[in-house]
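*Asks:* Here it is: the structure, laid out below.
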Amino acid sequence: MLELPLIAKSVVSHFQQCVREDKSLAPYHAAIEALAVQVNMPFSMDTSPAQYVSFNVFTQFLEGLRKVLPSEVFVSSLLGSAQRAAIELDFSNLSAQGFLSLFPFEQWSVESSSQSLKLSFLVSNSSLNGIEAELFLIVYSHAYFKSQQIDIDKPIRYDLVSVSTSALSELRIQTETPQYLGQTETCILYNPIDRDCSIKAVSTATTSTFKVTQALLPYIGRVDVDLVSFGQINRIGKRTIQRALSEEGTTFRTIKETLCVEFAKRVMSEQDYSISDIALHLGYADASQFIRAFKRSNGITPLQWKKNNKGIGV
């Protein structure tokens, strides 16, 4: 199974919206926009039918954001976006399983007793390349838990998987709450409450094909991403991707071609672009190459499909 963690597009879009609307970040907006381009953040998330985007790419954005912003501003922006998400993404009406499905968690749980109250989560090793990603997941987990249990106190201890003491000290987080690095799982500990609120949510298995499809889909029609660049964007080796997809009987080329054809169908059914323009947007060398790919998938040419489906939304 390919280690390609995903995060819900709705969460990433909301975070970016919070950053854009935060007036205190106005002096940094140009640098943040340049950063999004530099790390290849998906360009068409608003219009893409994808449900998820690559968490690896979003992690790179967070890492860059920490360098662009003063430490206290970066931490404040994480806390503020999580608090807004709890309200605007309606965390209070999400089950633990529903919350888990938005993030790259393998497991998310709360253990409650008369002596202790512990929230913990596990993610794949590739999901926590830096402390920024772990902090992001911590503040969003706390915001969700607070929406479910409004009377919990502030955390009394944090356990982090990250081992970089320097990265944590650079952030200069002003808190008296103890922080322990190099732990086996990420935990937030609270003072116990007078009721049992234990819960455990475990992620369901997804295929490598699904992961690659979701991570690639936001780029289709905007940026031509080949196998090599896809691997570089997601910090995964080319051969690793090929091997994982081969085990499921498919290839990167097949997935990309399928997505390109579906994109072309949406465009042809909604707008009046020429076949040549569509081929150019999808990164094909010329229209004839795109026509062959389309016919290979559908048995007819794009023009024939357009005539047969004129006025029908896809």
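Ordered as shown in the structure tokens, chains take letters A, B, and onward, while each chain numbers its residues from 1 and ligands are numbered from 1 in the order shown.
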Asp224 of chain A: which residues within 12 Å, counting only C-alpha atoms, same-chain residues fewer than 6 positions away excluded, as JSON, numbers by chain?
*Replies:* {"A": [40, 42, 43, 216, 217, 218, 230, 256, 257, 259, 260, 279, 280, 281, 282, 283, 284, 285]}
*Asks:* Generate a file of the selected residues that holds N, CA, C and O atoms, formatted as a compact mmCIF listing (two decimals), in the first residue's frame.
*Replies:*
```txt
# COMPACT_ATOMS: atom_id res chain seq x y z
N ASN A 40 3.87 23.73 -4.97
CA ASN A 40 2.90 23.07 -5.85
C ASN A 40 1.59 22.73 -5.15
O ASN A 40 1.03 21.63 -5.33
N PRO A 42 -2.22 22.50 -4.88
CA PRO A 42 -3.17 22.35 -5.99
C PRO A 42 -3.79 23.69 -6.37
O PRO A 42 -4.20 24.46 -5.51
N PHE A 43 -3.86 23.94 -7.67
CA PHE A 43 -4.30 25.25 -8.14
C PHE A 43 -5.81 25.34 -8.38
O PHE A 43 -6.35 26.42 -8.50
N LEU A 216 -3.77 13.58 -7.53
CA LEU A 216 -3.51 14.11 -8.87
C LEU A 216 -4.65 14.97 -9.39
O LEU A 216 -4.43 15.95 -10.11
N LEU A 217 -5.87 14.64 -9.02
CA LEU A 217 -7.06 15.26 -9.60
C LEU A 217 -7.08 16.79 -9.55
O LEU A 217 -7.45 17.44 -10.54
N PRO A 218 -6.68 17.45 -8.45
CA PRO A 218 -6.75 18.92 -8.43
C PRO A 218 -5.85 19.62 -9.44
O PRO A 218 -6.05 20.80 -9.74
N PHE A 230 5.07 14.22 -10.08
CA PHE A 230 4.12 13.81 -9.05
C PHE A 230 4.86 13.23 -7.85
O PHE A 230 4.54 13.54 -6.69
N LYS A 256 -4.02 9.00 -14.99
CA LYS A 256 -3.99 10.38 -15.49
C LYS A 256 -4.85 10.52 -16.74
O LYS A 256 -5.60 11.50 -16.89
N GLU A 257 -4.77 9.54 -17.63
CA GLU A 257 -5.55 9.60 -18.86
C GLU A 257 -7.05 9.58 -18.56
O GLU A 257 -7.82 10.32 -19.17
N LEU A 259 -8.51 10.65 -15.82
CA LEU A 259 -8.87 11.94 -15.24
C LEU A 259 -8.92 13.03 -16.30
O LEU A 259 -9.80 13.91 -16.26
N CYS A 260 -8.01 12.98 -17.25
CA CYS A 260 -8.00 13.98 -18.33
C CYS A 260 -9.26 13.86 -19.19
O CYS A 260 -9.86 14.88 -19.57
N ALA A 279 -7.00 20.14 -25.31
CA ALA A 279 -5.78 19.32 -25.36
C ALA A 279 -4.59 20.08 -24.77
O ALA A 279 -3.79 19.51 -24.02
N LEU A 280 -4.50 21.37 -25.08
CA LEU A 280 -3.40 22.20 -24.58
C LEU A 280 -3.48 22.31 -23.06
O LEU A 280 -2.47 22.17 -22.36
N HIS A 281 -4.68 22.56 -22.54
CA HIS A 281 -4.87 22.68 -21.10
C HIS A 281 -4.48 21.39 -20.37
O HIS A 281 -4.01 21.43 -19.23
N LEU A 282 -4.69 20.27 -21.02
CA LEU A 282 -4.42 18.98 -20.39
C LEU A 282 -2.97 18.52 -20.58
O LEU A 282 -2.61 17.44 -20.11
N GLY A 283 -2.17 19.32 -21.27
CA GLY A 283 -0.75 19.01 -21.39
C GLY A 283 -0.39 18.10 -22.55
O GLY A 283 0.75 17.62 -22.62
N TYR A 284 -1.32 17.86 -23.47
CA TYR A 284 -1.00 17.02 -24.63
C TYR A 284 -0.19 17.83 -25.64
O TYR A 284 -0.39 19.05 -25.78
N ALA A 285 0.71 17.17 -26.35
CA ALA A 285 1.57 17.84 -27.31
C ALA A 285 0.78 18.45 -28.45
O ALA A 285 1.11 19.52 -28.96
```
*Asks:* Can you list, as JSON, numbers by chain, every residue of segment 13-260 of chain A that DSSP puts in helix (DSSP H, G or I)?
*Replies:* {"A": [13, 14, 15, 16, 17, 18, 19, 20, 21, 23, 24, 25, 26, 27, 28, 29, 30, 31, 32, 33, 34, 35, 36, 37, 38, 55, 56, 57, 58, 59, 60, 61, 62, 63, 64, 65, 66, 67, 68, 71, 72, 73, 74, 75, 76, 77, 78, 79, 80, 81, 82, 83, 84, 85, 86, 87, 88, 91, 92, 93, 96, 97, 98, 99, 100, 125, 126, 127, 131, 132, 133, 134, 135, 136, 137, 138, 139, 140, 141, 142, 143, 144, 145, 146, 147, 148, 165, 166, 167, 168, 169, 170, 171, 208, 209, 210, 211, 212, 213, 214, 215, 216, 217, 218, 219, 227, 228, 229, 230, 231, 232, 233, 234, 238, 239, 240, 241, 242, 243, 244, 245, 246, 252, 253, 254, 255, 256, 257, 258, 259, 260]}
*Asks:* With a distance cut-off of 9 Å and only C-alpha atoms, select the neighbouring residues of Gly64 of chain A, excluding the residue or stretch itself and same-chain residues fewer than 3 positions from it, and output the selection as a PyMOL selection string.
*Replies:* chain A and resi 32+35-36+39+59-61+67-69
*Asks:* Take the residues from that selection and put them in a file with all heavy atoms, as a PDB file, in the first residue's frame.
*Replies:*
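Result file follows (selection_20.pdb):
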```pdb
ATOM      1  N   ILE A  32       3.130  34.445   1.009  1.00  0.00           N
ATOM      2  CA  ILE A  32       2.351  33.209   1.179  1.00  0.00           C
ATOM      3  C   ILE A  32       1.845  32.705  -0.167  1.00  0.00           C
ATOM      4  O   ILE A  32       1.864  31.498  -0.436  1.00  0.00           O
ATOM      5  CB  ILE A  32       1.183  33.456   2.158  1.00  0.00           C
ATOM      6  CG1 ILE A  32       1.719  33.733   3.563  1.00  0.00           C
ATOM      7  CG2 ILE A  32       0.246  32.250   2.194  1.00  0.00           C
ATOM      8  CD1 ILE A  32       0.673  34.197   4.557  1.00  0.00           C
ATOM      9  N   LEU A  35       4.674  31.141  -1.898  1.00  0.00           N
ATOM     10  CA  LEU A  35       4.963  29.850  -1.268  1.00  0.00           C
ATOM     11  C   LEU A  35       4.047  28.761  -1.801  1.00  0.00           C
ATOM     12  O   LEU A  35       4.496  27.639  -2.079  1.00  0.00           O
ATOM     13  CB  LEU A  35       4.805  29.977   0.245  1.00  0.00           C
ATOM     14  CG  LEU A  35       4.862  28.677   1.062  1.00  0.00           C
ATOM     15  CD1 LEU A  35       6.241  28.048   0.961  1.00  0.00           C
ATOM     16  CD2 LEU A  35       4.511  28.960   2.527  1.00  0.00           C
ATOM     17  N   ALA A  36       2.759  29.072  -1.951  1.00  0.00           N
ATOM     18  CA  ALA A  36       1.800  28.089  -2.461  1.00  0.00           C
ATOM     19  C   ALA A  36       2.210  27.593  -3.848  1.00  0.00           C
ATOM     20  O   ALA A  36       2.093  26.400  -4.158  1.00  0.00           O
ATOM     21  CB  ALA A  36       0.401  28.692  -2.503  1.00  0.00           C
ATOM     22  N   VAL A  39       5.555  25.275  -3.569  1.00  0.00           N
ATOM     23  CA  VAL A  39       5.398  23.896  -3.089  1.00  0.00           C
ATOM     24  C   VAL A  39       4.352  23.123  -3.884  1.00  0.00           C
ATOM     25  O   VAL A  39       3.989  22.006  -3.527  1.00  0.00           O
ATOM     26  CB  VAL A  39       5.044  23.863  -1.587  1.00  0.00           C
ATOM     27  CG1 VAL A  39       6.103  24.572  -0.760  1.00  0.00           C
ATOM     28  CG2 VAL A  39       3.656  24.459  -1.326  1.00  0.00           C
ATOM     29  N   THR A  59       1.737  19.701   3.997  1.00  0.00           N
ATOM     30  CA  THR A  59       2.787  19.772   5.020  1.00  0.00           C
ATOM     31  C   THR A  59       3.921  20.683   4.575  1.00  0.00           C
ATOM     32  O   THR A  59       4.452  21.475   5.367  1.00  0.00           O
ATOM     33  CB  THR A  59       3.340  18.361   5.317  1.00  0.00           C
ATOM     34  OG1 THR A  59       2.314  17.572   5.923  1.00  0.00           O
ATOM     35  CG2 THR A  59       4.532  18.421   6.257  1.00  0.00           C
ATOM     36  N   GLN A  60       4.304  20.582   3.306  1.00  0.00           N
ATOM     37  CA  GLN A  60       5.351  21.461   2.784  1.00  0.00           C
ATOM     38  C   GLN A  60       4.923  22.922   2.846  1.00  0.00           C
ATOM     39  O   GLN A  60       5.734  23.818   3.109  1.00  0.00           O
ATOM     40  CB  GLN A  60       5.690  21.068   1.351  1.00  0.00           C
ATOM     41  CG  GLN A  60       6.355  19.703   1.228  1.00  0.00           C
ATOM     42  CD  GLN A  60       6.535  19.268  -0.208  1.00  0.00           C
ATOM     43  OE1 GLN A  60       7.219  19.942  -0.990  1.00  0.00           O
ATOM     44  NE2 GLN A  60       5.927  18.154  -0.599  1.00  0.00           N
ATOM     45  N   PHE A  61       3.632  23.158   2.613  1.00  0.00           N
ATOM     46  CA  PHE A  61       3.105  24.514   2.720  1.00  0.00           C
ATOM     47  C   PHE A  61       3.213  25.010   4.170  1.00  0.00           C
ATOM     48  O   PHE A  61       3.625  26.147   4.426  1.00  0.00           O
ATOM     49  CB  PHE A  61       1.650  24.547   2.252  1.00  0.00           C
ATOM     50  CG  PHE A  61       1.006  25.908   2.337  1.00  0.00           C
ATOM     51  CD1 PHE A  61       1.372  26.923   1.464  1.00  0.00           C
ATOM     52  CD2 PHE A  61       0.036  26.169   3.293  1.00  0.00           C
ATOM     53  CE1 PHE A  61       0.792  28.181   1.548  1.00  0.00           C
ATOM     54  CE2 PHE A  61      -0.557  27.414   3.388  1.00  0.00           C
ATOM     55  CZ  PHE A  61      -0.180  28.430   2.500  1.00  0.00           C
ATOM     56  N   LYS A  67       8.361  29.450   8.126  1.00  0.00           N
ATOM     57  CA  LYS A  67       9.548  30.248   7.819  1.00  0.00           C
ATOM     58  C   LYS A  67       9.182  31.662   7.374  1.00  0.00           C
ATOM     59  O   LYS A  67       9.943  32.614   7.613  1.00  0.00           O
ATOM     60  CB  LYS A  67      10.366  29.550   6.726  1.00  0.00           C
ATOM     61  CG  LYS A  67      10.917  28.199   7.156  1.00  0.00           C
ATOM     62  CD  LYS A  67      11.600  27.471   6.006  1.00  0.00           C
ATOM     63  CE  LYS A  67      12.098  26.098   6.451  1.00  0.00           C
ATOM     64  NZ  LYS A  67      12.688  25.326   5.325  1.00  0.00           N
ATOM     65  N   VAL A  68       8.028  31.795   6.735  1.00  0.00           N
ATOM     66  CA  VAL A  68       7.582  33.112   6.259  1.00  0.00           C
ATOM     67  C   VAL A  68       7.091  33.976   7.416  1.00  0.00           C
ATOM     68  O   VAL A  68       7.360  35.183   7.469  1.00  0.00           O
ATOM     69  CB  VAL A  68       6.457  32.955   5.204  1.00  0.00           C
ATOM     70  CG1 VAL A  68       5.772  34.282   4.922  1.00  0.00           C
ATOM     71  CG2 VAL A  68       7.018  32.360   3.916  1.00  0.00           C
ATOM     72  N   LEU A  69       6.377  33.365   8.366  1.00  0.00           N
ATOM     73  CA  LEU A  69       5.751  34.111   9.451  1.00  0.00           C
ATOM     74  C   LEU A  69       6.614  34.114  10.710  1.00  0.00           C
ATOM     75  O   LEU A  69       7.319  33.141  10.980  1.00  0.00           O
ATOM     76  CB  LEU A  69       4.393  33.492   9.796  1.00  0.00           C
ATOM     77  CG  LEU A  69       3.346  33.407   8.685  1.00  0.00           C
ATOM     78  CD1 LEU A  69       2.086  32.712   9.209  1.00  0.00           C
ATOM     79  CD2 LEU A  69       3.013  34.784   8.144  1.00  0.00           C
TER      80      LEU A  69
END
```
*Asks:* Per residue of segment 151-243 of chain A within 8 Å of segment 96-108 of chain A, what are the shortest atom pair and its distance in Å to one decimal, counting only C-alpha atoms, with rows by chain and residue number, as JSON lines?
*Replies:*
```
{"residue": "A:Ile199", "atom": "CA", "partner": "A:Ala96", "partner_atom": "CA", "distance": 7.6}
{"residue": "A:Lys200", "atom": "CA", "partner": "A:Trp108", "partner_atom": "CA", "distance": 6.0}
{"residue": "A:Ala201", "atom": "CA", "partner": "A:Gln97", "partner_atom": "CA", "distance": 5.2}
{"residue": "A:Val202", "atom": "CA", "partner": "A:Gln107", "partner_atom": "CA", "distance": 4.5}
{"residue": "A:Ser203", "atom": "CA", "partner": "A:Glu106", "partner_atom": "CA", "distance": 5.1}
```
*Asks:* Please produce a file of the residues just selected, as an mmCIF file, in the first residue's frame, where the atoms kept are C-alpha atoms.
*Replies:*
```cif
data_model
loop_
_atom_site.group_PDB
_atom_site.id
_atom_site.type_symbol
_atom_site.label_atom_id
_atom_site.label_comp_id
_atom_site.auth_asym_id
_atom_site.auth_seq_id
_atom_site.Cartn_x
_atom_site.Cartn_y
_atom_site.Cartn_z
ATOM 1 C CA ILE A 199 -14.213 6.756 21.954
ATOM 2 C CA LYS A 200 -12.081 5.162 19.262
ATOM 3 C CA ALA A 201 -12.142 5.696 15.522
ATOM 4 C CA VAL A 202 -10.028 3.713 13.051
ATOM 5 C CA SER A 203 -9.490 4.555 9.399
#
```
*Asks:* Can you tell me, as a list of chain:residue names, what residues are no more than 12 Å from Arg292 of chain A when counting only C-alpha atoms, ignoring any on the same chain fewer than 4 positions away?
*Replies:*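 Result of the neighbour search: A:Glu257, A:Val261, A:Ala279, A:Tyr284, A:Ala285, A:Asp286, A:Ala287, A:Ser288, A:Arg296, A:Ser297, A:Asn298, A:Gly299, A:Ile300, A:Thr301, A:Pro302, A:Leu303.
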*Asks:* Might you pull out every residue within 9 Å of Cys187 of chain A, with only C-alpha atoms counted and same-chain residues fewer than 5 positions away left off, and present them as an NGL selection string?
*Replies:* :A and (118-121 or 138 or 157-161)
*Asks:* Of the residues A:Ser229, A:Leu2, A:Leu117, A:Phe263, which is the one nearest to Leu245 of chain A, using only C-alpha atoms?
*Replies:*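 Counting only C-alpha atoms, the residue closest to Leu245 of chain A is A:Leu2.
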*Asks:* Write out as JSON lines the residues of segment 59-164 of chain A that have any atom within 9 Å of an atom of segment 4-25 of chain A, one row each with the nearest atom pair and its distance in Å to one decimal, counting only C-alpha atoms, sorted by chain and then rising number.
*Replies:*
```
{"residue": "A:Leu69", "atom": "CA", "partner": "A:Leu25", "partner_atom": "CA", "distance": 8.3}
{"residue": "A:Val73", "atom": "CA", "partner": "A:Leu25", "partner_atom": "CA", "distance": 8.1}
{"residue": "A:Ser77", "atom": "CA", "partner": "A:Val19", "partner_atom": "CA", "distance": 7.3}
{"residue": "A:Leu78", "atom": "CA", "partner": "A:Phe15", "partner_atom": "CA", "distance": 8.5}
{"residue": "A:Gly80", "atom": "CA", "partner": "A:Cys18", "partner_atom": "CA", "distance": 8.1}
{"residue": "A:Ser81", "atom": "CA", "partner": "A:Cys18", "partner_atom": "CA", "distance": 5.8}
{"residue": "A:Ala82", "atom": "CA", "partner": "A:Phe15", "partner_atom": "CA", "distance": 8.1}
{"residue": "A:Arg84", "atom": "CA", "partner": "A:Cys18", "partner_atom": "CA", "distance": 8.0}
{"residue": "A:Ala85", "atom": "CA", "partner": "A:His14", "partner_atom": "CA", "distance": 7.2}
{"residue": "A:Glu88", "atom": "CA", "partner": "A:His14", "partner_atom": "CA", "distance": 8.7}
{"residue": "A:Leu89", "atom": "CA", "partner": "A:Val11", "partner_atom": "CA", "distance": 8.0}
{"residue": "A:Ser101", "atom": "CA", "partner": "A:Ala8", "partner_atom": "CA", "distance": 7.8}
{"residue": "A:Leu102", "atom": "CA", "partner": "A:Ala8", "partner_atom": "CA", "distance": 4.8}
{"residue": "A:Phe103", "atom": "CA", "partner": "A:Ile7", "partner_atom": "CA", "distance": 4.7}
{"residue": "A:Pro104", "atom": "CA", "partner": "A:Pro5", "partner_atom": "CA", "distance": 5.4}
{"residue": "A:Phe105", "atom": "CA", "partner": "A:Pro5", "partner_atom": "CA", "distance": 8.6}
{"residue": "A:Val123", "atom": "CA", "partner": "A:Pro5", "partner_atom": "CA", "distance": 8.6}
{"residue": "A:Ser124", "atom": "CA", "partner": "A:Pro5", "partner_atom": "CA", "distance": 7.5}
{"residue": "A:Ser126", "atom": "CA", "partner": "A:Pro5", "partner_atom": "CA", "distance": 7.5}
{"residue": "A:Ser127", "atom": "CA", "partner": "A:Pro5", "partner_atom": "CA", "distance": 6.2}
```
*Asks:* Take atom CA of Arg222 of chain A and atom CA of Glu33 of chain A and report the distance between them in Å, one decimal.
*Replies:*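 So the answer is 16.6 Å.
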*Asks:* Closest to Thr250 of chain A among A:Val228, A:Asn234, A:Phe210, A:Val110, using only C-alpha atoms?
*Replies:*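 When distances to Thr250 of chain A are compared using only C-alpha atoms, the smallest one comes from A:Phe210.
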*Asks:* Here is a test: counting only C-alpha atoms, which residue of A:Pro49, A:Asp90, A:Gln242, A:Ala215 is nearest to Leu227 of chain A?
*Replies:* A:Gln242
*Asks:* Tell me, as a list in words, which residues lie within 8 Å of Ser162 of chain A, counting only C-alpha atoms; anything in the same chain fewer than 5 positions away does not count.
*Replies:* Leu128, Gly130, Ile131, Glu134, Leu181, Gly182 and Gln183 of chain A
*Asks:* What is the atom CA of Asp153 of chain A-atom CA of Glu72 of chain A distance in Å, reported with one decimal?
*Replies:* 22.5 Å
*Asks:* Point out the residue among A:Ser269, A:Gln38, A:Ser198, A:Ser112 with the least atom-to-atom distance to Val57 of chain A, counting only C-alpha atoms.
*Replies:* A:Gln38
